$ cat protein13.txt   # compact mmCIF, N, CA, C and O atoms
# COMPACT_ATOMS: atom_id res chain seq x y z
N MET H 12 -9.83 -9.21 -18.54
CA MET H 12 -10.57 -9.48 -17.33
C MET H 12 -11.36 -8.24 -16.98
O MET H 12 -10.87 -7.12 -17.14
N THR H 13 -12.55 -8.45 -16.52
CA THR H 13 -13.37 -7.33 -16.08
C THR H 13 -14.35 -7.80 -15.02
O THR H 13 -14.68 -8.98 -14.97
N GLY H 14 -14.77 -6.88 -14.21
CA GLY H 14 -15.76 -7.23 -13.20
C GLY H 14 -15.68 -6.34 -11.99
O GLY H 14 -15.15 -5.23 -12.06
N ARG H 15 -16.20 -6.87 -10.91
CA ARG H 15 -16.26 -6.11 -9.66
C ARG H 15 -15.71 -6.95 -8.51
O ARG H 15 -15.84 -8.16 -8.48
N VAL H 16 -15.12 -6.23 -7.57
CA VAL H 16 -14.70 -6.81 -6.31
C VAL H 16 -15.49 -6.06 -5.24
O VAL H 16 -15.59 -4.83 -5.29
N PHE H 17 -16.07 -6.80 -4.32
CA PHE H 17 -16.85 -6.20 -3.25
C PHE H 17 -16.05 -6.30 -1.96
O PHE H 17 -15.67 -7.39 -1.54
N VAL H 18 -15.78 -5.15 -1.37
CA VAL H 18 -14.93 -5.00 -0.19
C VAL H 18 -15.79 -4.39 0.91
O VAL H 18 -16.68 -3.58 0.61
N PRO H 19 -15.57 -4.70 2.18
CA PRO H 19 -16.30 -3.97 3.21
C PRO H 19 -16.13 -2.46 2.97
O PRO H 19 -15.02 -1.98 2.71
N ALA H 20 -17.23 -1.73 3.03
CA ALA H 20 -17.22 -0.30 2.69
C ALA H 20 -16.15 0.48 3.46
O ALA H 20 -15.50 1.36 2.88
N GLU H 21 -15.93 0.13 4.69
CA GLU H 21 -14.94 0.87 5.49
C GLU H 21 -13.50 0.59 5.03
O GLU H 21 -12.58 1.32 5.40
N ASP H 22 -13.30 -0.44 4.21
CA ASP H 22 -11.97 -0.81 3.74
C ASP H 22 -11.74 -0.54 2.25
O ASP H 22 -10.65 -0.81 1.75
N VAL H 23 -12.73 -0.04 1.55
CA VAL H 23 -12.64 0.05 0.09
C VAL H 23 -11.48 0.95 -0.37
O VAL H 23 -10.76 0.59 -1.29
N GLN H 24 -11.28 2.08 0.25
CA GLN H 24 -10.20 2.98 -0.17
C GLN H 24 -8.84 2.33 0.09
O GLN H 24 -7.94 2.41 -0.77
N THR H 25 -8.68 1.68 1.22
CA THR H 25 -7.42 1.01 1.53
C THR H 25 -7.15 -0.11 0.54
O THR H 25 -6.03 -0.25 0.04
N PHE H 26 -8.17 -0.90 0.23
CA PHE H 26 -8.00 -1.98 -0.74
C PHE H 26 -7.55 -1.44 -2.09
O PHE H 26 -6.58 -1.95 -2.68
N VAL H 27 -8.22 -0.42 -2.60
CA VAL H 27 -7.86 0.13 -3.91
C VAL H 27 -6.45 0.71 -3.89
O VAL H 27 -5.67 0.49 -4.81
N GLU H 28 -6.11 1.43 -2.85
CA GLU H 28 -4.76 1.99 -2.74
C GLU H 28 -3.70 0.89 -2.74
O GLU H 28 -2.68 1.00 -3.43
N GLU H 29 -3.93 -0.17 -1.97
CA GLU H 29 -2.97 -1.27 -1.93
C GLU H 29 -2.90 -2.02 -3.25
O GLU H 29 -1.82 -2.38 -3.72
N ALA H 30 -4.06 -2.26 -3.86
CA ALA H 30 -4.09 -2.96 -5.14
C ALA H 30 -3.36 -2.16 -6.22
O ALA H 30 -2.56 -2.71 -6.99
N ARG H 31 -3.61 -0.86 -6.26
CA ARG H 31 -2.92 -0.01 -7.24
C ARG H 31 -1.42 0.04 -6.98
O ARG H 31 -0.61 -0.09 -7.90
N ALA H 32 -1.04 0.26 -5.73
CA ALA H 32 0.38 0.41 -5.38
C ALA H 32 1.17 -0.86 -5.71
O ALA H 32 2.33 -0.78 -6.10
N MET H 33 0.54 -2.00 -5.58
CA MET H 33 1.22 -3.25 -5.84
C MET H 33 1.09 -3.64 -7.32
O MET H 33 2.08 -3.95 -7.98
N SER H 34 -0.11 -3.60 -7.86
CA SER H 34 -0.36 -4.14 -9.20
C SER H 34 0.15 -3.26 -10.33
O SER H 34 0.67 -3.77 -11.32
N TYR H 35 -0.01 -1.96 -10.21
CA TYR H 35 0.37 -1.09 -11.32
C TYR H 35 1.84 -1.21 -11.69
O TYR H 35 2.17 -1.42 -12.86
N PRO H 36 2.78 -1.12 -10.73
CA PRO H 36 4.19 -1.27 -11.11
C PRO H 36 4.53 -2.67 -11.63
O PRO H 36 5.31 -2.81 -12.57
N LEU H 37 3.93 -3.69 -11.04
CA LEU H 37 4.19 -5.06 -11.51
C LEU H 37 3.68 -5.25 -12.92
O LEU H 37 4.36 -5.84 -13.76
N ALA H 38 2.49 -4.75 -13.19
CA ALA H 38 1.92 -4.88 -14.53
C ALA H 38 2.76 -4.10 -15.54
O ALA H 38 3.02 -4.59 -16.64
N ALA H 39 3.20 -2.92 -15.18
CA ALA H 39 4.00 -2.10 -16.09
C ALA H 39 5.32 -2.80 -16.44
O ALA H 39 5.83 -2.65 -17.55
N ALA H 40 5.85 -3.58 -15.51
CA ALA H 40 7.10 -4.29 -15.74
C ALA H 40 6.89 -5.58 -16.53
O ALA H 40 7.85 -6.18 -17.00
N ASN H 41 5.66 -6.01 -16.69
CA ASN H 41 5.34 -7.24 -17.39
C ASN H 41 5.05 -6.87 -18.85
O ASN H 41 4.06 -6.19 -19.13
N PRO H 42 5.88 -7.30 -19.80
CA PRO H 42 5.67 -6.90 -21.19
C PRO H 42 4.35 -7.38 -21.78
O PRO H 42 3.90 -6.85 -22.80
N GLY H 43 3.69 -8.32 -21.12
CA GLY H 43 2.40 -8.80 -21.61
C GLY H 43 1.20 -8.02 -21.11
O GLY H 43 0.07 -8.30 -21.47
N ASN H 44 1.44 -7.00 -20.28
CA ASN H 44 0.32 -6.19 -19.79
C ASN H 44 -0.02 -5.11 -20.79
O ASN H 44 0.83 -4.37 -21.25
N VAL H 45 -1.31 -5.02 -21.10
CA VAL H 45 -1.81 -3.98 -22.00
C VAL H 45 -2.44 -2.87 -21.18
O VAL H 45 -2.24 -1.69 -21.45
N MET H 46 -3.19 -3.25 -20.14
CA MET H 46 -3.91 -2.27 -19.32
C MET H 46 -4.32 -2.93 -18.01
O MET H 46 -4.64 -4.11 -17.97
N ILE H 47 -4.30 -2.12 -16.93
CA ILE H 47 -4.80 -2.59 -15.64
C ILE H 47 -5.39 -1.38 -14.91
O ILE H 47 -4.83 -0.29 -14.96
N SER H 48 -6.54 -1.57 -14.28
CA SER H 48 -7.18 -0.45 -13.60
C SER H 48 -8.07 -0.97 -12.46
O SER H 48 -8.83 -1.92 -12.65
N PHE H 49 -7.94 -0.32 -11.33
CA PHE H 49 -8.83 -0.54 -10.19
C PHE H 49 -9.44 0.81 -9.86
O PHE H 49 -8.71 1.79 -9.73
N CYS H 50 -10.75 0.90 -9.73
CA CYS H 50 -11.34 2.17 -9.31
C CYS H 50 -12.56 1.91 -8.43
O CYS H 50 -13.25 0.91 -8.58
N VAL H 51 -12.78 2.82 -7.50
CA VAL H 51 -13.94 2.72 -6.63
C VAL H 51 -15.16 3.09 -7.46
O VAL H 51 -15.26 4.19 -7.98
N GLU H 52 -16.06 2.15 -7.60
CA GLU H 52 -17.31 2.39 -8.32
C GLU H 52 -18.35 2.99 -7.39
O GLU H 52 -19.04 3.93 -7.75
N ASP H 53 -18.43 2.43 -6.18
CA ASP H 53 -19.41 2.91 -5.20
C ASP H 53 -18.83 2.68 -3.80
O ASP H 53 -18.83 1.55 -3.30
N ALA H 54 -18.35 3.74 -3.20
CA ALA H 54 -17.71 3.63 -1.88
C ALA H 54 -18.69 3.14 -0.82
O ALA H 54 -18.31 2.39 0.08
N ALA H 55 -19.94 3.56 -0.91
CA ALA H 55 -20.93 3.19 0.11
C ALA H 55 -21.18 1.69 0.16
O ALA H 55 -21.47 1.14 1.22
N THR H 56 -21.07 1.02 -1.00
CA THR H 56 -21.29 -0.42 -1.04
C THR H 56 -19.98 -1.21 -1.13
O THR H 56 -20.01 -2.43 -1.18
N GLY H 57 -18.85 -0.50 -1.19
CA GLY H 57 -17.55 -1.16 -1.28
C GLY H 57 -17.31 -1.82 -2.63
O GLY H 57 -16.58 -2.80 -2.71
N THR H 58 -17.90 -1.26 -3.68
CA THR H 58 -17.79 -1.85 -5.01
C THR H 58 -16.59 -1.26 -5.76
O THR H 58 -16.49 -0.04 -5.91
N VAL H 59 -15.72 -2.13 -6.23
CA VAL H 59 -14.53 -1.74 -6.98
C VAL H 59 -14.62 -2.35 -8.38
O VAL H 59 -14.88 -3.54 -8.53
N THR H 60 -14.42 -1.53 -9.40
CA THR H 60 -14.38 -2.01 -10.78
C THR H 60 -12.95 -2.39 -11.12
O THR H 60 -12.02 -1.63 -10.83
N VAL H 61 -12.78 -3.55 -11.72
CA VAL H 61 -11.47 -4.05 -12.12
C VAL H 61 -11.49 -4.27 -13.63
O VAL H 61 -12.39 -4.92 -14.16
N LEU H 62 -10.48 -3.70 -14.30
CA LEU H 62 -10.30 -3.91 -15.74
C LEU H 62 -8.84 -4.28 -15.97
O LEU H 62 -7.94 -3.58 -15.50
N GLU H 63 -8.61 -5.37 -16.67
CA GLU H 63 -7.25 -5.77 -17.01
C GLU H 63 -7.26 -6.33 -18.42
O GLU H 63 -8.21 -7.01 -18.81
N GLN H 64 -6.20 -6.02 -19.16
CA GLN H 64 -6.02 -6.61 -20.48
C GLN H 64 -4.59 -7.12 -20.57
O GLN H 64 -3.64 -6.39 -20.27
N TRP H 65 -4.47 -8.37 -20.98
CA TRP H 65 -3.16 -9.03 -21.07
C TRP H 65 -2.99 -9.57 -22.48
O TRP H 65 -3.96 -10.01 -23.11
N ALA H 66 -1.76 -9.57 -22.97
CA ALA H 66 -1.47 -10.05 -24.32
C ALA H 66 -1.64 -11.56 -24.44
O ALA H 66 -1.91 -12.07 -25.53
N SER H 67 -1.51 -12.26 -23.31
CA SER H 67 -1.62 -13.72 -23.34
C SER H 67 -1.96 -14.24 -21.95
O SER H 67 -1.78 -13.54 -20.95
N GLN H 68 -2.41 -15.46 -21.92
CA GLN H 68 -2.67 -16.12 -20.64
C GLN H 68 -1.37 -16.27 -19.86
O GLN H 68 -1.35 -16.13 -18.64
N GLU H 69 -0.28 -16.50 -20.57
CA GLU H 69 1.02 -16.65 -19.91
C GLU H 69 1.42 -15.37 -19.18
O GLU H 69 1.96 -15.42 -18.08
N ALA H 70 1.17 -14.22 -19.80
CA ALA H 70 1.50 -12.94 -19.17
C ALA H 70 0.67 -12.75 -17.90
O ALA H 70 1.19 -12.32 -16.87
N LEU H 71 -0.61 -13.07 -17.97
CA LEU H 71 -1.47 -12.98 -16.78
C LEU H 71 -0.99 -13.95 -15.71
O LEU H 71 -0.90 -13.60 -14.53
N ASP H 72 -0.66 -15.16 -16.11
CA ASP H 72 -0.18 -16.16 -15.15
C ASP H 72 1.09 -15.68 -14.43
O ASP H 72 1.23 -15.87 -13.22
N ARG H 73 2.01 -15.05 -15.19
CA ARG H 73 3.23 -14.51 -14.57
C ARG H 73 2.87 -13.45 -13.52
O ARG H 73 3.45 -13.41 -12.45
N HIS H 74 1.92 -12.59 -13.85
CA HIS H 74 1.50 -11.53 -12.93
C HIS H 74 0.91 -12.13 -11.66
O HIS H 74 1.29 -11.75 -10.55
N VAL H 75 -0.02 -13.04 -11.82
CA VAL H 75 -0.71 -13.63 -10.67
C VAL H 75 0.24 -14.46 -9.80
O VAL H 75 0.04 -14.55 -8.59
N ALA H 76 1.28 -15.01 -10.41
CA ALA H 76 2.22 -15.85 -9.66
C ALA H 76 3.27 -15.06 -8.87
O ALA H 76 4.00 -15.66 -8.09
N THR H 77 3.31 -13.75 -9.02
CA THR H 77 4.31 -12.98 -8.29
C THR H 77 4.01 -13.02 -6.79
O THR H 77 2.85 -13.11 -6.38
N PRO H 78 5.05 -12.96 -5.98
CA PRO H 78 4.83 -12.97 -4.53
C PRO H 78 3.95 -11.81 -4.06
O PRO H 78 3.17 -11.96 -3.12
N GLU H 79 4.06 -10.68 -4.73
CA GLU H 79 3.27 -9.51 -4.33
C GLU H 79 1.77 -9.72 -4.54
O GLU H 79 0.96 -9.39 -3.68
N VAL H 80 1.40 -10.27 -5.70
CA VAL H 80 -0.02 -10.54 -5.96
C VAL H 80 -0.52 -11.62 -5.02
O VAL H 80 -1.61 -11.51 -4.46
N THR H 81 0.28 -12.65 -4.82
CA THR H 81 -0.10 -13.72 -3.89
C THR H 81 -0.34 -13.15 -2.49
O THR H 81 -1.33 -13.51 -1.83
N ALA H 82 0.53 -12.25 -2.04
CA ALA H 82 0.37 -11.65 -0.72
C ALA H 82 -0.90 -10.81 -0.64
O ALA H 82 -1.63 -10.86 0.36
N LEU H 83 -1.18 -10.04 -1.69
CA LEU H 83 -2.39 -9.21 -1.70
C LEU H 83 -3.64 -10.10 -1.63
O LEU H 83 -4.56 -9.82 -0.85
N LEU H 84 -3.66 -11.15 -2.43
CA LEU H 84 -4.83 -12.04 -2.43
C LEU H 84 -4.96 -12.81 -1.11
O LEU H 84 -6.07 -13.06 -0.65
N THR H 85 -3.84 -13.15 -0.51
CA THR H 85 -3.88 -13.83 0.80
C THR H 85 -4.44 -12.89 1.86
O THR H 85 -5.27 -13.29 2.69
N LYS H 86 -4.00 -11.64 1.83
CA LYS H 86 -4.46 -10.66 2.82
C LYS H 86 -5.95 -10.35 2.66
O LYS H 86 -6.71 -10.34 3.63
N TRP H 87 -6.36 -10.05 1.42
CA TRP H 87 -7.72 -9.56 1.19
C TRP H 87 -8.72 -10.65 0.85
O TRP H 87 -9.93 -10.45 1.00
N GLY H 88 -8.26 -11.79 0.38
CA GLY H 88 -9.15 -12.86 -0.07
C GLY H 88 -10.29 -13.19 0.87
O GLY H 88 -11.44 -13.28 0.44
N PRO H 89 -10.03 -13.36 2.17
CA PRO H 89 -11.11 -13.71 3.08
C PRO H 89 -12.13 -12.57 3.32
O PRO H 89 -13.21 -12.81 3.83
N ARG H 90 -11.77 -11.35 2.92
CA ARG H 90 -12.63 -10.19 3.22
C ARG H 90 -13.33 -9.62 2.00
O ARG H 90 -14.05 -8.64 2.11
N ILE H 91 -13.12 -10.23 0.83
CA ILE H 91 -13.71 -9.69 -0.39
C ILE H 91 -14.53 -10.75 -1.10
O ILE H 91 -14.36 -11.95 -0.89
N ARG H 92 -15.41 -10.27 -1.95
CA ARG H 92 -16.15 -11.15 -2.87
C ARG H 92 -15.76 -10.71 -4.27
O ARG H 92 -15.90 -9.55 -4.64
N ASN H 93 -15.24 -11.64 -5.03
CA ASN H 93 -14.67 -11.35 -6.33
C ASN H 93 -15.63 -11.83 -7.42
O ASN H 93 -15.95 -13.01 -7.49
N GLU H 94 -16.06 -10.90 -8.27
CA GLU H 94 -16.90 -11.26 -9.42
C GLU H 94 -16.22 -10.81 -10.71
O GLU H 94 -16.83 -10.23 -11.59
N VAL H 95 -14.92 -11.07 -10.78
CA VAL H 95 -14.14 -10.73 -11.97
C VAL H 95 -14.15 -11.94 -12.89
O VAL H 95 -13.98 -13.07 -12.45
N ARG H 96 -14.36 -11.68 -14.18
CA ARG H 96 -14.43 -12.75 -15.17
C ARG H 96 -13.37 -12.55 -16.25
O ARG H 96 -13.01 -11.43 -16.58
N ARG H 97 -12.90 -13.66 -16.79
CA ARG H 97 -11.93 -13.61 -17.88
C ARG H 97 -12.68 -13.79 -19.20
O ARG H 97 -13.56 -14.64 -19.32
N PHE H 98 -12.27 -12.99 -20.17
CA PHE H 98 -12.82 -13.09 -21.52
C PHE H 98 -11.66 -13.14 -22.49
O PHE H 98 -10.61 -12.54 -22.26
N GLN H 99 -11.85 -13.84 -23.59
CA GLN H 99 -10.82 -13.87 -24.62
C GLN H 99 -11.42 -13.29 -25.89
O GLN H 99 -12.47 -13.75 -26.36
N ALA H 100 -10.77 -12.28 -26.43
CA ALA H 100 -11.21 -11.66 -27.66
C ALA H 100 -10.22 -12.00 -28.76
O ALA H 100 -9.00 -11.96 -28.56
N ASP H 101 -10.74 -12.32 -29.90
CA ASP H 101 -9.92 -12.63 -31.07
C ASP H 101 -9.94 -11.43 -31.98
O ASP H 101 -10.98 -11.05 -32.51
N GLU H 102 -8.78 -10.81 -32.16
CA GLU H 102 -8.72 -9.58 -32.96
C GLU H 102 -9.09 -9.81 -34.42
O GLU H 102 -9.38 -8.87 -35.15
N THR H 103 -9.08 -11.04 -34.89
CA THR H 103 -9.47 -11.32 -36.27
C THR H 103 -10.99 -11.41 -36.40
O THR H 103 -11.52 -11.40 -37.50
N ASP H 104 -11.67 -11.47 -35.29
CA ASP H 104 -13.14 -11.53 -35.29
C ASP H 104 -13.66 -10.09 -35.31
O ASP H 104 -13.34 -9.31 -34.42
N PRO H 105 -14.44 -9.70 -36.29
CA PRO H 105 -14.93 -8.31 -36.38
C PRO H 105 -15.79 -7.89 -35.20
O PRO H 105 -15.99 -6.71 -34.96
N ARG H 106 -16.30 -8.85 -34.43
CA ARG H 106 -17.11 -8.50 -33.25
C ARG H 106 -16.23 -8.17 -32.05
O ARG H 106 -16.72 -7.67 -31.06
N ALA H 107 -14.93 -8.46 -32.11
CA ALA H 107 -14.02 -8.26 -30.99
C ALA H 107 -13.71 -6.79 -30.79
O ALA H 107 -13.74 -5.99 -31.65
$ encode --input "protein13.txt" --output "structure tokens"
Amino acid sequence: MTGRVFVPAEDVQTFVEEARAMSYPLAAANPGNVMISFCVEDAATGTVTVLEQWASQEALDRHVATPEVTALLTKWGPRIRNEVRRFQADETDPRA
């Protein structure tokens, strides 16, 4: 998964801190997590870059279904615009 989340500029640091504090430990505990990262791309516009890599759709589904992720999305969902997209890469494809 990759993309951007747009947060009100005055809330961008709080959003990233909360997303990291909640997501990083959960992802680390999920054996299907390969990588997860949230970073402020542009504080003035409230732009956050999101990068996630999961071993399977099932691993991602487990992560998203946790009460902690649900709570974060419930809290921030009405205040953010999410332009994160899912991509599937096949390691047997030389273009991957």
$ closest_residue --input "protein13.txt" --among "H:Met46, H:Met33, H:Thr85, H:Val75" --to "H:Thr13" --atoms "only C-alpha atoms"
H:Met46
$ atom_distance --input "protein13.txt" --atom1 "atom O of H:Gln64" --atom2 "atom C of H:Ala82"
20.3 Å
$ closest_residue --input "protein13.txt" --among "H:Ala54, H:Val18, H:Ala38, H:Met12" --to "H:Ile91" --atoms "only N, CA, C and O atoms"
H:Val18
$ residues_around --input "protein13.txt" --residues "H:Val51" --least-positions-apart "2" --cutoff "8 Å" --atoms "only N, CA, C and O atoms" --output "JSON, numbers by chain"
{"H": [16, 23, 24, 27, 48, 49, 53, 54, 57, 58, 59, 60, 61]}
$ select_by_dssp --input "protein13.txt" --residues "stretch 22-56 of chain H" --states "helix (DSSP H, G or I)" --output "PyMOL selection string"
chain H and resi 22-40
$ select_by_dssp --input "protein13.txt" --residues "chain H" --states "strand (DSSP E)" --output "PyMOL selection string"
chain H and resi 13-17+44-53+58-65+92-96
$ build_atoms --input "protein13.txt" --residues "stretch 76-87 of chain H" --atoms "all heavy atoms" --output "mmCIF file, in the coordinates of the input"
data_model
loop_
_atom_site.group_PDB
_atom_site.id
_atom_site.type_symbol
_atom_site.label_atom_id
_atom_site.label_comp_id
_atom_site.auth_asym_id
_atom_site.auth_seq_id
_atom_site.Cartn_x
_atom_site.Cartn_y
_atom_site.Cartn_z
ATOM 1 N N ALA H 76 1.280 -15.010 -10.410
ATOM 2 C CA ALA H 76 2.220 -15.850 -9.660
ATOM 3 C C ALA H 76 3.270 -15.060 -8.870
ATOM 4 O O ALA H 76 4.000 -15.660 -8.090
ATOM 5 C CB ALA H 76 2.933 -16.797 -10.624
ATOM 6 N N THR H 77 3.310 -13.750 -9.020
ATOM 7 C CA THR H 77 4.310 -12.980 -8.290
ATOM 8 C C THR H 77 4.010 -13.020 -6.790
ATOM 9 O O THR H 77 2.850 -13.110 -6.380
ATOM 10 C CB THR H 77 4.356 -11.508 -8.738
ATOM 11 O OG1 THR H 77 3.099 -10.900 -8.463
ATOM 12 C CG2 THR H 77 4.723 -11.377 -10.209
ATOM 13 N N PRO H 78 5.050 -12.960 -5.980
ATOM 14 C CA PRO H 78 4.830 -12.970 -4.530
ATOM 15 C C PRO H 78 3.950 -11.810 -4.060
ATOM 16 O O PRO H 78 3.170 -11.960 -3.120
ATOM 17 C CB PRO H 78 6.239 -12.861 -3.942
ATOM 18 C CG PRO H 78 7.161 -13.297 -5.022
ATOM 19 C CD PRO H 78 6.479 -12.978 -6.319
ATOM 20 N N GLU H 79 4.060 -10.680 -4.730
ATOM 21 C CA GLU H 79 3.270 -9.510 -4.330
ATOM 22 C C GLU H 79 1.770 -9.720 -4.540
ATOM 23 O O GLU H 79 0.960 -9.390 -3.680
ATOM 24 C CB GLU H 79 3.733 -8.259 -5.103
ATOM 25 C CG GLU H 79 5.156 -7.865 -4.809
ATOM 26 C CD GLU H 79 6.189 -8.542 -5.719
ATOM 27 O OE1 GLU H 79 5.861 -9.525 -6.415
ATOM 28 O OE2 GLU H 79 7.338 -8.066 -5.726
ATOM 29 N N VAL H 80 1.400 -10.270 -5.700
ATOM 30 C CA VAL H 80 -0.020 -10.540 -5.960
ATOM 31 C C VAL H 80 -0.520 -11.620 -5.020
ATOM 32 O O VAL H 80 -1.610 -11.510 -4.460
ATOM 33 C CB VAL H 80 -0.259 -10.905 -7.442
ATOM 34 C CG1 VAL H 80 -1.691 -11.355 -7.671
ATOM 35 C CG2 VAL H 80 0.070 -9.719 -8.349
ATOM 36 N N THR H 81 0.280 -12.650 -4.820
ATOM 37 C CA THR H 81 -0.100 -13.720 -3.890
ATOM 38 C C THR H 81 -0.340 -13.150 -2.490
ATOM 39 O O THR H 81 -1.330 -13.510 -1.830
ATOM 40 C CB THR H 81 0.987 -14.806 -3.856
ATOM 41 O OG1 THR H 81 1.131 -15.335 -5.174
ATOM 42 C CG2 THR H 81 0.629 -15.915 -2.899
ATOM 43 N N ALA H 82 0.530 -12.250 -2.040
ATOM 44 C CA ALA H 82 0.370 -11.650 -0.720
ATOM 45 C C ALA H 82 -0.900 -10.810 -0.640
ATOM 46 O O ALA H 82 -1.630 -10.860 0.360
ATOM 47 C CB ALA H 82 1.596 -10.805 -0.368
ATOM 48 N N LEU H 83 -1.180 -10.040 -1.690
ATOM 49 C CA LEU H 83 -2.390 -9.210 -1.700
ATOM 50 C C LEU H 83 -3.640 -10.100 -1.630
ATOM 51 O O LEU H 83 -4.560 -9.820 -0.850
ATOM 52 C CB LEU H 83 -2.437 -8.333 -2.947
ATOM 53 C CG LEU H 83 -3.631 -7.392 -3.021
ATOM 54 C CD1 LEU H 83 -3.398 -6.167 -2.136
ATOM 55 C CD2 LEU H 83 -3.890 -6.955 -4.454
ATOM 56 N N LEU H 84 -3.660 -11.150 -2.430
ATOM 57 C CA LEU H 84 -4.830 -12.040 -2.430
ATOM 58 C C LEU H 84 -4.960 -12.810 -1.110
ATOM 59 O O LEU H 84 -6.070 -13.060 -0.650
ATOM 60 C CB LEU H 84 -4.740 -13.012 -3.609
ATOM 61 C CG LEU H 84 -4.823 -12.363 -4.989
ATOM 62 C CD1 LEU H 84 -4.582 -13.402 -6.080
ATOM 63 C CD2 LEU H 84 -6.149 -11.656 -5.177
ATOM 64 N N THR H 85 -3.840 -13.150 -0.510
ATOM 65 C CA THR H 85 -3.880 -13.830 0.800
ATOM 66 C C THR H 85 -4.440 -12.890 1.860
ATOM 67 O O THR H 85 -5.270 -13.290 2.690
ATOM 68 C CB THR H 85 -2.477 -14.317 1.186
ATOM 69 O OG1 THR H 85 -2.043 -15.263 0.194
ATOM 70 C CG2 THR H 85 -2.478 -14.970 2.552
ATOM 71 N N LYS H 86 -4.000 -11.640 1.830
ATOM 72 C CA LYS H 86 -4.460 -10.660 2.820
ATOM 73 C C LYS H 86 -5.950 -10.350 2.660
ATOM 74 O O LYS H 86 -6.710 -10.340 3.630
ATOM 75 C CB LYS H 86 -3.650 -9.376 2.701
ATOM 76 C CG LYS H 86 -4.148 -8.269 3.622
ATOM 77 C CD LYS H 86 -3.355 -6.995 3.466
ATOM 78 C CE LYS H 86 -3.927 -5.910 4.391
ATOM 79 N NZ LYS H 86 -3.148 -4.665 4.305
ATOM 80 N N TRP H 87 -6.360 -10.050 1.420
ATOM 81 C CA TRP H 87 -7.720 -9.560 1.190
ATOM 82 C C TRP H 87 -8.720 -10.650 0.850
ATOM 83 O O TRP H 87 -9.930 -10.450 1.000
ATOM 84 C CB TRP H 87 -7.706 -8.496 0.093
ATOM 85 C CG TRP H 87 -7.123 -7.206 0.554
ATOM 86 C CD1 TRP H 87 -5.844 -6.757 0.363
ATOM 87 C CD2 TRP H 87 -7.787 -6.193 1.306
ATOM 88 N NE1 TRP H 87 -5.677 -5.530 0.950
ATOM 89 C CE2 TRP H 87 -6.849 -5.159 1.532
ATOM 90 C CE3 TRP H 87 -9.074 -6.063 1.818
ATOM 91 C CZ2 TRP H 87 -7.170 -4.015 2.247
ATOM 92 C CZ3 TRP H 87 -9.395 -4.915 2.521
ATOM 93 C CH2 TRP H 87 -8.447 -3.909 2.737
#
